[in-house]
>>> print(open('target09.tsv').read())   # TSV, C-alpha atoms and all ligand atoms
chain	number	residue	atom	x	y	z
Q	1	MET	CA	104.65	131.26	176.74
Q	2	THR	CA	105.52	134.26	174.58
Q	3	LYS	CA	104.06	137.72	174.70
Q	4	GLY	CA	102.67	139.23	171.54
Q	5	GLU	CA	104.69	141.86	169.70
Q	6	ARG	CA	102.98	144.87	171.28
Q	7	GLY	CA	102.74	143.32	174.72
Q	8	GLU	CA	99.16	142.19	174.15
Q	9	LYS	CA	97.80	139.12	175.88
Q	10	THR	CA	99.16	135.68	175.08
Q	11	PRO	CA	96.60	133.16	173.78
Q	12	GLU	CA	96.61	131.50	177.23
Q	13	GLU	CA	95.85	134.83	178.90
Q	14	GLU	CA	93.10	135.53	176.37
Q	15	TRP	CA	91.66	132.10	177.08
Q	16	GLU	CA	91.62	132.69	180.83
Q	17	SER	CA	90.05	136.14	180.59
Q	18	ALA	CA	87.53	135.46	177.78
Q	19	GLU	CA	83.96	136.35	178.68
Q	20	THR	CA	82.12	134.62	175.85
Q	21	PRO	CA	82.37	131.12	174.34
Q	22	ASP	CA	82.66	132.80	170.97
Q	23	GLU	CA	86.02	134.43	171.79
Q	24	MET	CA	87.29	131.10	173.07
Q	25	PHE	CA	86.22	129.19	170.00
Q	26	PHE	CA	88.75	131.17	167.94
Q	27	LEU	CA	91.55	130.17	170.30
Q	28	LEU	CA	91.01	126.49	169.49
Q	29	THR	CA	92.84	124.75	166.68
Q	30	SER	CA	90.77	123.71	163.69
Q	31	GLU	CA	90.87	120.11	164.92
Q	32	GLN	CA	89.67	121.09	168.39
Q	33	ARG	CA	86.86	123.19	166.90
Q	34	CYS	CA	85.58	120.12	165.08
Q	35	ASP	CA	85.70	117.78	168.08
Q	36	PRO	CA	82.16	116.39	168.13
Q	37	VAL	CA	82.36	115.07	171.71
Q	38	LYS	CA	83.55	118.38	173.17
Q	39	ASN	CA	81.08	120.40	171.13
Q	40	ARG	CA	78.17	118.21	172.16
Q	41	ARG	CA	79.18	118.36	175.80
Q	42	PHE	CA	79.36	122.16	175.71
Q	43	MET	CA	76.02	122.49	173.95
Q	44	VAL	CA	74.29	120.04	176.28
Q	45	GLU	CA	75.65	122.00	179.27
Q	46	CYS	CA	74.26	125.23	177.76
Q	47	CYS	CA	70.85	123.60	177.38
Q	48	ARG	CA	71.07	122.34	180.94
Q	49	ARG	CA	71.31	125.96	182.07
Q	50	ALA	CA	67.66	126.28	181.09
Q	51	TRP	CA	66.71	122.98	182.73
Q	52	ASN	CA	63.81	124.31	184.80
Q	53	LEU	CA	62.34	125.97	181.76
Q	54	LEU	CA	62.58	122.96	179.51
Q	55	PRO	CA	59.56	120.77	178.95
Q	56	GLU	CA	59.96	117.19	180.17
Q	57	GLU	CA	60.36	115.89	176.61
Q	58	SER	CA	63.34	118.16	176.01
Q	59	ARG	CA	64.97	117.05	179.25
Q	60	GLU	CA	64.58	113.45	178.16
Q	61	ALA	CA	66.05	114.31	174.75
Q	62	LEU	CA	69.07	115.87	176.45
Q	63	LYS	CA	69.56	112.74	178.53
Q	64	ILE	CA	69.46	110.60	175.39
Q	65	ILE	CA	72.03	112.81	173.68
Q	66	GLU	CA	74.33	112.79	176.68
Q	67	LYS	CA	74.11	109.03	177.14
Q	68	SER	CA	74.99	108.49	173.52
Q	69	ILE	CA	78.18	110.54	173.98
Q	70	ASP	CA	79.27	108.23	176.77
Q	71	ARG	CA	78.55	104.93	175.08
Q	72	ASN	CA	80.24	103.35	172.13
Q	73	LEU	CA	77.20	102.94	169.91
Q	74	THR	CA	77.06	101.31	166.51
Q	75	GLU	CA	75.91	103.40	163.54
Q	76	SER	CA	72.41	101.96	163.66
Q	77	GLU	CA	72.14	102.42	167.44
Q	78	LEU	CA	73.25	106.04	166.98
Q	79	ALA	CA	70.66	106.62	164.27
Q	80	SER	CA	67.97	105.27	166.54
Q	81	GLU	CA	69.12	107.40	169.51
Q	82	TYR	CA	69.13	110.53	167.33
Q	83	SER	CA	65.70	109.78	166.06
Q	84	ASN	CA	64.41	109.27	169.63
Q	85	ALA	CA	65.99	112.54	170.79
Q	86	GLN	CA	64.47	114.43	167.88
Q	87	LYS	CA	61.02	113.01	168.52
Q	88	MET	CA	61.27	113.89	172.19
Q	89	ALA	CA	62.47	117.42	171.47
Q	90	ALA	CA	59.76	117.94	168.87
Q	91	GLY	CA	57.15	116.89	171.46
Q	92	GLY	CA	58.67	119.39	173.88
Q	93	LYS	CA	58.29	122.18	171.37
Q	94	ASN	CA	54.56	121.64	171.34
Q	95	SER	CA	54.16	121.38	175.09
Q	96	THR	CA	56.27	124.30	176.32
Q	97	LYS	CA	54.42	127.32	177.67
Q	98	LEU	CA	57.28	129.61	176.81
Q	99	PRO	CA	56.93	130.75	173.20
Q	100	SER	CA	60.61	131.57	172.84
Q	101	LEU	CA	61.52	128.02	173.80
Q	102	ASN	CA	59.80	126.94	170.60
Q	103	TYR	CA	62.73	128.49	168.83
Q	104	SER	CA	65.45	127.88	171.33
Q	105	ALA	CA	66.17	125.08	173.74
Q	106	ALA	CA	63.94	122.39	172.32
Q	107	ASP	CA	64.79	123.42	168.81
Q	108	VAL	CA	68.45	123.45	169.66
Q	109	ILE	CA	68.20	119.84	170.76
Q	110	CYS	CA	66.89	118.94	167.33
Q	111	HIS	CA	69.91	120.67	165.85
Q	112	LEU	CA	72.17	118.79	168.22
Q	113	SER	CA	70.65	115.52	167.16
Q	114	ASP	CA	71.03	116.46	163.51
Q	115	GLU	CA	74.57	117.49	164.16
Q	116	TYR	CA	75.38	113.99	165.34
Q	117	ARG	CA	74.74	112.48	161.98
Q	118	HIS	CA	76.99	114.68	159.92
Q	119	LYS	CA	80.63	115.42	159.92
Q	120	HIS	CA	80.89	119.17	160.11
Q	121	LYS	CA	83.53	121.75	159.37
Q	122	ASP	CA	84.68	124.19	162.02
Q	123	GLU	CA	82.52	127.02	160.68
Q	124	ASP	CA	79.48	124.78	161.09
Q	125	TYR	CA	80.37	124.21	164.72
Q	126	LEU	CA	80.86	127.94	165.19
Q	127	ILE	CA	77.36	128.62	163.88
Q	128	LEU	CA	75.91	125.82	166.02
Q	129	ASN	CA	77.74	127.00	169.15
Q	130	ARG	CA	76.71	130.61	168.59
Q	131	ARG	CA	73.11	129.66	168.00
Q	132	ILE	CA	72.80	127.47	171.07
Q	133	SER	CA	74.79	129.69	173.39
Q	134	GLY	CA	72.97	132.84	172.22
Q	135	GLU	CA	69.51	131.31	172.37
Q	136	ILE	CA	69.96	129.85	175.82
Q	137	ALA	CA	71.39	133.16	177.08
Q	138	ASP	CA	68.42	134.92	175.50
Q	139	VAL	CA	65.88	132.62	177.13
Q	140	LEU	CA	67.53	132.91	180.53
Q	141	SER	CA	68.01	136.65	180.43
Q	142	ASN	CA	64.43	137.20	179.38
Q	143	TYR	CA	62.63	134.63	181.45
Q	144	GLY	CA	64.69	133.97	184.50
Q	145	SER	CA	67.98	134.34	186.19
Q	146	ALA	CA	69.30	130.83	186.16
Q	147	ILE	CA	68.82	127.16	186.64
Q	148	ASN	CA	66.84	127.33	189.89
Q	149	LEU	CA	64.29	129.76	188.60
Q	150	ASP	CA	60.91	129.70	190.33
Q	151	VAL	CA	57.93	129.48	188.06
Q	152	ASP	CA	54.40	130.52	189.02
Q	153	ASP	CA	51.22	128.40	188.82
Q	154	SER	CA	50.92	128.98	185.12
Q	155	GLY	CA	54.44	127.60	184.64
Q	156	LEU	CA	55.66	130.96	183.40
Q	157	PRO	CA	58.48	132.85	185.08
Q	158	ALA	CA	58.33	136.63	185.26
Q	159	SER	CA	59.66	138.18	182.11
Q	160	ASN	CA	62.68	140.30	182.84
Q	161	PRO	CA	64.57	141.34	179.75
Q	162	ASN	CA	68.01	142.30	180.85
Q	163	GLU	CA	71.08	142.85	178.77
Q	164	GLU	CA	73.35	142.58	181.75
Q	165	LYS	CA	71.90	139.17	182.53
Q	166	TYR	CA	72.54	138.14	178.96
Q	167	ARG	CA	76.21	139.06	179.27
Q	168	ASP	CA	76.42	137.31	182.66
Q	169	GLU	CA	74.97	134.19	181.08
Q	170	LEU	CA	77.60	134.27	178.32
Q	171	LYS	CA	80.31	134.70	180.99
Q	172	LEU	CA	79.02	131.60	182.72
Q	173	GLN	CA	79.02	129.73	179.43
Q	174	ALA	CA	82.67	130.78	179.01
Q	175	VAL	CA	83.39	129.08	182.35
Q	176	ILE	CA	81.73	125.92	181.04
Q	177	PHE	CA	83.67	126.17	177.78
Q	178	ARG	CA	86.92	126.46	179.75
Q	179	ASP	CA	86.13	123.30	181.73
Q	180	VAL	CA	85.20	121.30	178.61
Q	181	PHE	CA	87.90	122.35	176.16
Q	182	ASN	CA	91.47	122.77	177.27
Q	183	PRO	CA	93.53	123.64	174.17
Q	184	PHE	CA	96.70	124.43	176.09
Q	185	SER	CA	96.94	121.27	178.16
Q	186	LYS	CA	100.03	119.14	177.66
Q	187	ALA	CA	98.76	116.48	180.05
Q	188	GLU	CA	99.24	112.90	178.90
Q	189	PHE	CA	97.11	110.33	180.66
Q	190	GLU	CA	98.83	107.03	181.40
Q	191	PRO	CA	96.53	104.00	181.04
Q	192	GLY	CA	97.90	102.58	184.32
Q	193	TRP	CA	96.20	105.40	186.22
Q	194	ARG	CA	92.78	104.04	185.21
Q	195	THR	CA	92.40	101.81	188.26
Q	196	PRO	CA	88.93	100.43	189.13
Q	197	ALA	CA	88.69	103.00	191.97
Q	198	VAL	CA	89.55	105.91	189.66
Q	199	ILE	CA	87.10	104.80	186.98
Q	200	SER	CA	84.26	104.22	189.41
Q	201	ILE	CA	84.65	107.62	191.13
Q	202	ALA	CA	84.95	109.41	187.78
Q	203	GLN	CA	81.91	107.61	186.40
Q	204	ALA	CA	79.90	108.36	189.55
Q	205	ALA	CA	80.78	112.06	189.18
Q	206	ARG	CA	79.49	112.07	185.64
Q	207	ASP	CA	76.42	109.94	186.37
Q	208	GLU	CA	74.95	112.29	188.93
Q	209	GLU	CA	71.37	113.29	188.25
Q	210	LEU	CA	71.24	115.54	185.22
Q	211	SER	CA	69.41	118.21	187.20
Q	212	ASN	CA	72.42	118.54	189.50
Q	213	TYR	CA	74.13	121.17	187.51
Q	214	GLU	CA	77.74	121.42	188.69
Q	215	LEU	CA	79.86	118.46	189.71
Q	216	ASP	CA	80.45	117.77	193.37
Q	217	ILE	CA	83.78	119.36	194.38
Q	218	PRO	CA	84.52	116.99	197.35
Q	219	ARG	CA	83.96	114.01	195.06
Q	220	LEU	CA	86.51	115.38	192.60
Q	221	ALA	CA	88.99	115.86	195.45
Q	222	ILE	CA	88.54	112.16	196.32
Q	223	LEU	CA	89.06	111.36	192.65
Q	224	SER	CA	92.35	113.29	192.67
Q	225	ASP	CA	93.51	111.30	195.72
Q	226	ALA	CA	92.63	108.01	193.99
Q	227	LEU	CA	94.56	109.15	190.91
Q	228	GLU	CA	97.58	110.00	193.03
Q	229	GLU	CA	97.41	106.56	194.67
Q	230	ALA	CA	97.33	105.07	191.18
Q	231	GLY	CA	100.66	106.82	190.49
Q	232	CYS	CA	99.47	110.00	188.76
Q	233	ASN	CA	101.81	112.87	189.51
Q	234	ASN	CA	100.67	115.22	186.77
Q	235	THR	CA	100.21	118.59	188.45
Q	236	GLU	CA	97.94	119.90	185.68
Q	237	ILE	CA	95.46	117.03	186.13
Q	238	LEU	CA	95.61	116.89	189.94
Q	239	GLY	CA	95.56	120.69	190.20
Q	240	HIS	CA	92.46	120.92	188.01
Q	241	LEU	CA	90.56	118.41	190.15
Q	242	ARG	CA	91.65	120.08	193.38
Q	243	GLY	CA	90.99	123.60	192.12
Q	244	PRO	CA	87.97	125.72	192.98
Q	245	GLY	CA	86.01	124.66	189.88
Q	246	PRO	CA	83.26	124.83	188.91
Q	247	HIS	CA	83.27	121.58	186.95
Q	248	TYR	CA	80.69	120.18	184.58
Q	249	ARG	CA	79.99	116.76	183.11
Q	250	GLY	CA	82.13	117.64	180.11
Q	251	CYS	CA	85.16	118.42	182.34
Q	252	TRP	CA	88.30	117.77	180.27
Q	253	VAL	CA	89.93	115.74	183.06
Q	254	LEU	CA	86.90	113.43	183.32
Q	255	ASP	CA	87.11	112.95	179.56
Q	256	LEU	CA	90.80	112.06	179.90
Q	257	ILE	CA	90.09	109.55	182.67
Q	258	LEU	CA	87.09	107.98	180.99
Q	259	GLY	CA	88.96	107.79	177.72
Q	260	LYS	CA	86.80	110.17	175.69
Q	261	LYS	CA	89.80	112.17	174.57
U	1	ZN	ZN	86.88	120.35	185.34
>>> encode(input="target09.tsv", output="structure tokens", more="lines below")
Ligand SMILES: [Zn+2]
Amino acid sequence: MTKGERGEKTPEEEWESAETPDEMFFLLTSEQRCDPVKNRRFMVECCRRAWNLLPEESREALKIIEKSIDRNLTESELASEYSNAQKMAAGGKNSTKLPSLNYSAADVICHLSDEYRHKHKDEDYLILNRRISGEIADVLSNYGSAINLDVDDSGLPASNPNEEKYRDELKLQAVIFRDVFNPFSKAEFEPGWRTPAVISIAQAARDEELSNYELDIPRLAILSDALEEAGCNNTEILGHLRGPGPHYRGCWVLDLILGKK
């Protein structure tokens, strides 16, 4: 780790202290910026922040998108999954009672589905990330505080435009980004550590109901013990699982274990 010339923060320090996903995006390498799995995971997690505000169709579309990340689909299966997700999201756009969601979460899912089909450059991902992260933050800061927002009989939460909330939402997205991408990790995952116990605990962590937002910390501690029993002595991997979290479905260690990266 080397300090910059004028004693400014190292890239690792910038990464740890970043308060928006946007700042973090520029700390990734070009290859990392174009990683479709990581980008999708981050964007799905952002959409999940607005879960209680999403119409049912959009929730279903998110589930389809997430499932298709985790399965090895053929080209034609992928095309069919994308098309299903788009149809679901489009239906959600018509049924939502929140006008801004017409242009945000449900719409974003359509973009996500589109994004699947094309190989993009890093600037495309930057635009997509900014759009999704900004729109979700906008919806949440204007219509509710977070995932467990109460809605009234009409289905509409109290409008509460709040710039501070917007910034807080971006800070939370930075936490998600940090759990999904880990550009400074040197951890190598040995195939022998993928014992049946390790795989089944990791899969169970990821398969929790989509509405459960953060991963269960005690379950990840059990996963770290199973990994250790399998011979894993990598302090970066074990330390991440035993750390305070929070962790999300796109957690970089789960991706390592389940072979996504
Ligand atoms: Zn994690």
>>> residues_near_ligand(input="target09.tsv", ligand="ligand ZN 1 (chain U)", cutoff="12 Å", atoms="all atoms listed in the file", output="JSON, numbers by chain")
{"Q": [175, 176, 177, 178, 179, 180, 181, 182, 202, 205, 206, 214, 215, 216, 217, 219, 220, 221, 223, 224, 236, 237, 238, 239, 240, 241, 242, 243, 244, 245, 246, 247, 248, 249, 250, 251, 252, 253, 254, 255, 256, 257]}
>>> write_last_selection(input="target09.tsv", atoms="C-alpha atoms", output="mmCIF file, in the coordinates of the input")
data_model
loop_
_atom_site.group_PDB
_atom_site.id
_atom_site.type_symbol
_atom_site.label_atom_id
_atom_site.label_comp_id
_atom_site.auth_asym_id
_atom_site.auth_seq_id
_atom_site.Cartn_x
_atom_site.Cartn_y
_atom_site.Cartn_z
ATOM 1 C CA VAL Q 175 83.390 129.080 182.350
ATOM 2 C CA ILE Q 176 81.730 125.920 181.040
ATOM 3 C CA PHE Q 177 83.670 126.170 177.780
ATOM 4 C CA ARG Q 178 86.920 126.460 179.750
ATOM 5 C CA ASP Q 179 86.130 123.300 181.730
ATOM 6 C CA VAL Q 180 85.200 121.300 178.610
ATOM 7 C CA PHE Q 181 87.900 122.350 176.160
ATOM 8 C CA ASN Q 182 91.470 122.770 177.270
ATOM 9 C CA ALA Q 202 84.950 109.410 187.780
ATOM 10 C CA ALA Q 205 80.780 112.060 189.180
ATOM 11 C CA ARG Q 206 79.490 112.070 185.640
ATOM 12 C CA GLU Q 214 77.740 121.420 188.690
ATOM 13 C CA LEU Q 215 79.860 118.460 189.710
ATOM 14 C CA ASP Q 216 80.450 117.770 193.370
ATOM 15 C CA ILE Q 217 83.780 119.360 194.380
ATOM 16 C CA ARG Q 219 83.960 114.010 195.060
ATOM 17 C CA LEU Q 220 86.510 115.380 192.600
ATOM 18 C CA ALA Q 221 88.990 115.860 195.450
ATOM 19 C CA LEU Q 223 89.060 111.360 192.650
ATOM 20 C CA SER Q 224 92.350 113.290 192.670
ATOM 21 C CA GLU Q 236 97.940 119.900 185.680
ATOM 22 C CA ILE Q 237 95.460 117.030 186.130
ATOM 23 C CA LEU Q 238 95.610 116.890 189.940
ATOM 24 C CA GLY Q 239 95.560 120.690 190.200
ATOM 25 C CA HIS Q 240 92.460 120.920 188.010
ATOM 26 C CA LEU Q 241 90.560 118.410 190.150
ATOM 27 C CA ARG Q 242 91.650 120.080 193.380
ATOM 28 C CA GLY Q 243 90.990 123.600 192.120
ATOM 29 C CA PRO Q 244 87.970 125.720 192.980
ATOM 30 C CA GLY Q 245 86.010 124.660 189.880
ATOM 31 C CA PRO Q 246 83.260 124.830 188.910
ATOM 32 C CA HIS Q 247 83.270 121.580 186.950
ATOM 33 C CA TYR Q 248 80.690 120.180 184.580
ATOM 34 C CA ARG Q 249 79.990 116.760 183.110
ATOM 35 C CA GLY Q 250 82.130 117.640 180.110
ATOM 36 C CA CYS Q 251 85.160 118.420 182.340
ATOM 37 C CA TRP Q 252 88.300 117.770 180.270
ATOM 38 C CA VAL Q 253 89.930 115.740 183.060
ATOM 39 C CA LEU Q 254 86.900 113.430 183.320
ATOM 40 C CA ASP Q 255 87.110 112.950 179.560
ATOM 41 C CA LEU Q 256 90.800 112.060 179.900
ATOM 42 C CA ILE Q 257 90.090 109.550 182.670
#
>>> residues_around(input="target09.tsv", residues="Q:Arg167", least_positions_apart="4", cutoff="10 Å", atoms="all atoms listed in the file", output="list in words")
Glu19, Thr20, Gly134, Ala137, Asp138, Ser141, Asn162, Glu163, Lys171, Leu172 and Gln173 of chain Q
>>> closest_residue(input="target09.tsv", among="Q:Cys232, Q:Glu208, Q:Ala226, Q:Asp122", to="Q:Glu190", atoms="only C-alpha atoms")
Q:Cys232
>>> atom_distance(input="target09.tsv", atom1="atom CA of Q:Ala85", atom2="atom CA of Q:Met24")
28.3 Å
>>> closest_residue(input="target09.tsv", among="Q:Gly192, Q:Pro11, Q:Pro55, Q:Pro36", to="Q:Glu229", atoms="all atoms listed in the file")
Q:Gly192
>>> atom_distance(input="target09.tsv", atom1="atom CA of Q:Ala89", atom2="atom CA of Q:Glu56")
9.1 Å
>>> atom_distance(input="target09.tsv", atom1="atom CA of Q:Ser17", atom2="atom CA of Q:Leu170")
12.8 Å
>>> residues_around(input="target09.tsv", residues="Q:Cys46", least_positions_apart="3", cutoff="8 Å", atoms="only C-alpha atoms", output="PyMOL selection string")
chain Q and resi 42-43+49-50+132-133+136+173
>>> residues_around(input="target09.tsv", residues="Q:Phe184", least_positions_apart="3", cutoff="10 Å", atoms="only C-alpha atoms", output="number ranges by chain")
Q: 11-12, 15, 27-28, 181, 187
>>> closest_residue(input="target09.tsv", among="Q:Ile127, Q:Ile199, Q:Met88, Q:Ser80", to="Q:Leu54", atoms="all atoms listed in the file")
Q:Met88
>>> residues_around(input="target09.tsv", residues="Q:Val44", least_positions_apart="2", cutoff="10 Å", atoms="only C-alpha atoms", output="number ranges by chain")
Q: 38-42, 46-49, 62-63, 65-66, 105, 108-109, 112, 132, 249-250
>>> decode(input="target09.tsv", residues="stretch 39-71 of chain Q", atoms="C-alpha atoms", output="compact mmCIF listing (two decimals), in the first residue's frame")
# COMPACT_ATOMS: atom_id res chain seq x y z
CA ASN Q 39 -23.17 -4.95 -11.99
CA ARG Q 40 -26.44 -6.84 -12.09
CA ARG Q 41 -26.12 -7.86 -8.47
CA PHE Q 42 -25.51 -4.27 -7.40
CA MET Q 43 -28.40 -2.93 -9.45
CA VAL Q 44 -30.80 -5.62 -8.23
CA GLU Q 45 -29.81 -4.80 -4.63
CA CYS Q 46 -30.52 -1.10 -5.29
CA CYS Q 47 -33.96 -1.99 -6.64
CA ARG Q 48 -34.56 -4.20 -3.62
CA ARG Q 49 -34.13 -1.12 -1.44
CA ALA Q 50 -37.47 0.04 -2.81
CA TRP Q 51 -39.07 -3.39 -2.39
CA ASN Q 52 -42.14 -2.23 -0.45
CA LEU Q 53 -42.82 0.42 -3.04
CA LEU Q 54 -42.51 -1.86 -6.03
CA PRO Q 55 -45.59 -3.29 -7.66
CA GLU Q 56 -45.82 -7.08 -7.52
CA GLU Q 57 -44.92 -7.40 -11.20
CA SER Q 58 -41.64 -5.57 -10.65
CA ARG Q 59 -40.78 -7.77 -7.69
CA GLU Q 60 -41.36 -10.82 -9.86
CA ALA Q 61 -39.20 -9.29 -12.60
CA LEU Q 62 -36.39 -8.77 -10.08
CA LYS Q 63 -36.65 -12.40 -8.99
CA ILE Q 64 -36.40 -13.54 -12.60
CA ILE Q 65 -33.32 -11.39 -13.18
CA GLU Q 66 -31.64 -12.61 -10.01
CA LYS Q 67 -32.36 -16.26 -10.74
CA SER Q 68 -30.89 -15.92 -14.19
CA ILE Q 69 -27.63 -14.62 -12.67
CA ASP Q 70 -27.35 -17.75 -10.58
CA ARG Q 71 -28.10 -20.30 -13.26
